[in-house]
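Let me begin by presenting the structure, written as structure tokens, before commenting on it.
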Amino acid sequence: MSRIAIVSAMHPELAAVLAGLPQAQKHTVAGREFVLGRWHGHEVVAVLSRIGKVAAATTATVLIERFDVRQVVFTGVAGGVAPVAKVGDVVVASGFMQHDMDASPLFPVYEVPLYGRSHFATDARLTAQLTQAAQAALAQGILDAADLAEMGMPVGRTQVHQGLILSGDRFVSTRAESQRLQQALPEALAVEMEGAAVAQVCHDYGVPFAALRTISDRADDDAHADFLKFVERVASRYSAAILARFFAQQPH
Ligand code: SAH
């Protein structure tokens with residue numbers, strides 16, 4: 001039976017979803033544990049890709065080749081690049097680019113060689129549904145007052161954005177680098193390390209893909225501390241709250 005894949009890079013991003021799959025079957029392929037079960041009425045396979053583009057591409061390929069997935073959803077955290085993408089906001093990807101792809105002067109900077117493109121779009125229908133689910137989850141409130149205070153997040157001001165996310169094999173943790181990215185690619189909302197790789201694999205196989213990223217840090221000089229605090233305390237609750245609503249909307 002075809003399944004929906006749920007992917008995160010790291011355990012804290014997926015902990016609450018995995019905890020909701022207690023009767024699941026586990027299969028290890030390529031050193032990753034693929035967890036098969038039923039979640040909110042759907043057959044799912046949940047997996048941790050590990051960090052970076054190659055790890056993410058391997059995971060996406062195994063999901064499609066071995067687990068017969070009909071769609072892939074990625075959930076995790078990212079650094080905010082655009083000023084509007086604040087810690088605690090959610091960015092739903094309309095598409096991805098690799099900010100560290102550069103085969104110039106043979107190909108235009110950012111273009112993936114032999115693809116004739118630098119931008120890989122996500123599936124429009126799934127992206128719209130994921131955006132709605134994120135809006136509903138944030139409107140209801142994902143964190144309590146104590147968590148908001150600990151994270152330094154204002155009550156009731158988190159937002160959902162939809163737009164371009166950048167991926168690269170680098171944890172962006174200086175204001176200088178974040179500003180360089182913003183100047184080079186002004187439409188970018190956030191930066192992370194896996195999404196563009198999954199988008200490219202899904203494009204190759206014709207499998208619909210959608211991705212959501214909660215902003216854990218501002219990709220600046222404080223990024224490391226903000227990232228760790230966010231990922232440990234709250235990232236998994238964002239994933240579970242938003243995906244639960246998303247799955248409730250999916251046809252059986
Ligand atoms: N576990 C390590 C490394 C985390 S790398 C640590 O403790 O520091 C950061 C992970 O979160 C990646 O999976 C990436 O997709 C995402 N991410 C969050 N903020 C990011 C940023 N500022 N730059 C790049 N990736 C970021």
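Naming scheme: A, B, ... for chains in displayed order of the structure tokens; residues 1 onward per chain; ligands 1 onward as shown.
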List every residue of segment 31-251 of chain A that DSSP, applied to the backbone of this structure, assigns to helix (DSSP H, G or I), and report them as a short mmCIF file (atom, residue, chain, number, x, y, z; two decimals) with C-alpha atoms, in the first residue's frame.
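Result saved to states_12.cif:
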data_model
loop_
_atom_site.label_atom_id
_atom_site.label_comp_id
_atom_site.auth_asym_id
_atom_site.auth_seq_id
_atom_site.Cartn_x
_atom_site.Cartn_y
_atom_site.Cartn_z
CA LYS A 53 22.10 17.36 1.37
CA VAL A 54 23.67 13.99 0.65
CA ALA A 55 22.10 12.37 3.73
CA ALA A 56 18.74 13.85 2.75
CA ALA A 57 19.02 12.69 -0.89
CA THR A 58 19.90 9.13 0.16
CA THR A 59 16.92 9.03 2.51
CA ALA A 60 14.51 10.37 -0.12
CA THR A 61 15.74 7.82 -2.68
CA VAL A 62 15.28 4.89 -0.28
CA LEU A 63 11.79 6.13 0.64
CA ILE A 64 10.74 6.15 -3.00
CA GLU A 65 12.54 3.00 -4.16
CA ARG A 66 11.88 0.75 -1.16
CA PHE A 67 8.82 2.09 0.64
CA ALA A 124 1.21 23.38 -5.05
CA ARG A 125 -1.75 21.48 -3.54
CA LEU A 126 0.21 19.95 -0.64
CA THR A 127 1.91 23.29 0.00
CA ALA A 128 -1.43 25.10 0.23
CA GLN A 129 -2.73 22.43 2.64
CA LEU A 130 0.41 22.56 4.76
CA THR A 131 0.12 26.36 4.95
CA GLN A 132 -3.50 26.09 6.11
CA ALA A 133 -2.54 23.47 8.68
CA ALA A 134 0.29 25.66 10.01
CA GLN A 135 -2.02 28.68 10.23
CA ALA A 136 -4.61 26.67 12.16
CA ALA A 137 -2.01 25.23 14.55
CA LEU A 138 -0.44 28.63 15.26
CA ALA A 139 -3.86 30.27 15.70
CA GLN A 140 -4.70 27.68 18.34
CA ALA A 145 3.25 30.89 28.23
CA ALA A 146 6.31 29.44 30.00
CA ASP A 147 7.83 28.18 26.72
CA LEU A 148 7.12 31.47 24.96
CA ALA A 149 8.84 33.39 27.76
CA GLU A 150 11.82 31.01 27.73
CA MET A 151 12.17 31.41 23.96
CA ARG A 175 25.23 37.88 10.54
CA ALA A 176 27.69 38.55 7.73
CA GLU A 177 26.89 35.29 5.94
CA SER A 178 23.17 35.66 6.49
CA GLN A 179 23.30 39.17 5.00
CA ARG A 180 25.27 37.91 2.02
CA LEU A 181 22.58 35.30 1.35
CA GLN A 182 19.85 37.88 1.69
CA GLN A 183 21.56 40.24 -0.75
CA ALA A 184 22.31 37.51 -3.29
CA GLY A 195 15.24 20.54 1.64
CA ALA A 196 16.68 21.26 -1.82
CA ALA A 197 18.15 17.75 -1.97
CA VAL A 198 14.81 16.10 -1.19
CA ALA A 199 13.10 18.44 -3.68
CA GLN A 200 15.53 17.40 -6.43
CA VAL A 201 15.08 13.67 -5.78
CA CYS A 202 11.28 14.06 -5.70
CA HIS A 203 11.46 16.04 -8.96
CA ASP A 204 13.49 13.23 -10.58
CA TYR A 205 10.92 10.60 -9.55
CA ALA A 223 22.23 31.11 15.90
CA HIS A 224 23.97 28.25 17.69
CA ALA A 225 22.50 28.99 21.15
CA ASP A 226 19.03 29.82 19.79
CA PHE A 227 19.02 26.71 17.60
CA LEU A 228 19.91 24.33 20.45
CA LYS A 229 17.31 25.77 22.82
CA PHE A 230 14.58 25.70 20.19
CA VAL A 231 15.32 22.22 18.91
CA GLU A 232 15.45 20.69 22.39
CA ARG A 233 12.41 22.39 23.86
CA ALA A 235 10.68 21.85 17.63
CA SER A 236 8.96 18.48 17.93
CA ARG A 237 5.71 20.05 19.14
CA TYR A 238 5.52 22.27 16.06
CA SER A 239 6.01 19.27 13.77
CA ALA A 240 3.34 17.17 15.49
CA ALA A 241 0.76 19.97 15.87
CA ILE A 242 1.01 21.08 12.24
CA LEU A 243 1.26 17.63 10.67
CA ALA A 244 -1.69 16.30 12.69
CA ARG A 245 -3.87 18.97 11.08
CA PHE A 246 -2.34 18.39 7.65
CA PHE A 247 -3.01 14.62 7.82
CA ALA A 248 -6.60 15.21 8.92
CA GLN A 249 -7.16 16.98 5.54
#
Using 7 Å as the limit and counting only C-alpha atoms and all ligand atoms, can you tabulate each residue of chain A that touches ligand 1, with its shortest atom-to-atom distance in Å and the two atoms involved, as a tab-separated table?
residue	atom	partner	partner_atom_place_in_ligand_line	distance
A:Ala9	CA	ligand 1	13 (O)	5.1
A:Met10	CA	ligand 1	13 (O)	6.5
A:Ile51	CA	ligand 1	13 (O)	4.7
A:Gly52	CA	ligand 1	13 (O)	6.4
A:Val77	CA	ligand 1	18 (C)	5.0
A:Ala78	CA	ligand 1	18 (C)	3.6
A:Gly79	CA	ligand 1	22 (N)	3.8
A:Arg170	CA	ligand 1	24 (C)	5.6
A:Phe171	CA	ligand 1	24 (C)	3.6
A:Val172	CA	ligand 1	23 (N)	3.8
A:Ser173	CA	ligand 1	22 (N)	5.5
A:Val191	CA	ligand 1	24 (C)	5.4
A:Glu192	CA	ligand 1	25 (N)	3.5
A:Met193	CA	ligand 1	15 (O)	3.8
A:Glu194	CA	ligand 1	15 (O)	5.5
A:Ser216	CA	ligand 1	19 (N)	6.0
A:Asp217	CA	ligand 1	19 (N)	5.9
A:Arg218	CA	ligand 1	22 (N)	6.4
A:Ala219	CA	ligand 1	22 (N)	3.7
A:Ala223	CA	ligand 1	22 (N)	5.8
A:His224	CA	ligand 1	8 (O)	6.3
A:Phe227	CA	ligand 1	19 (N)	6.0
A:Leu228	CA	ligand 1	7 (O)	6.1
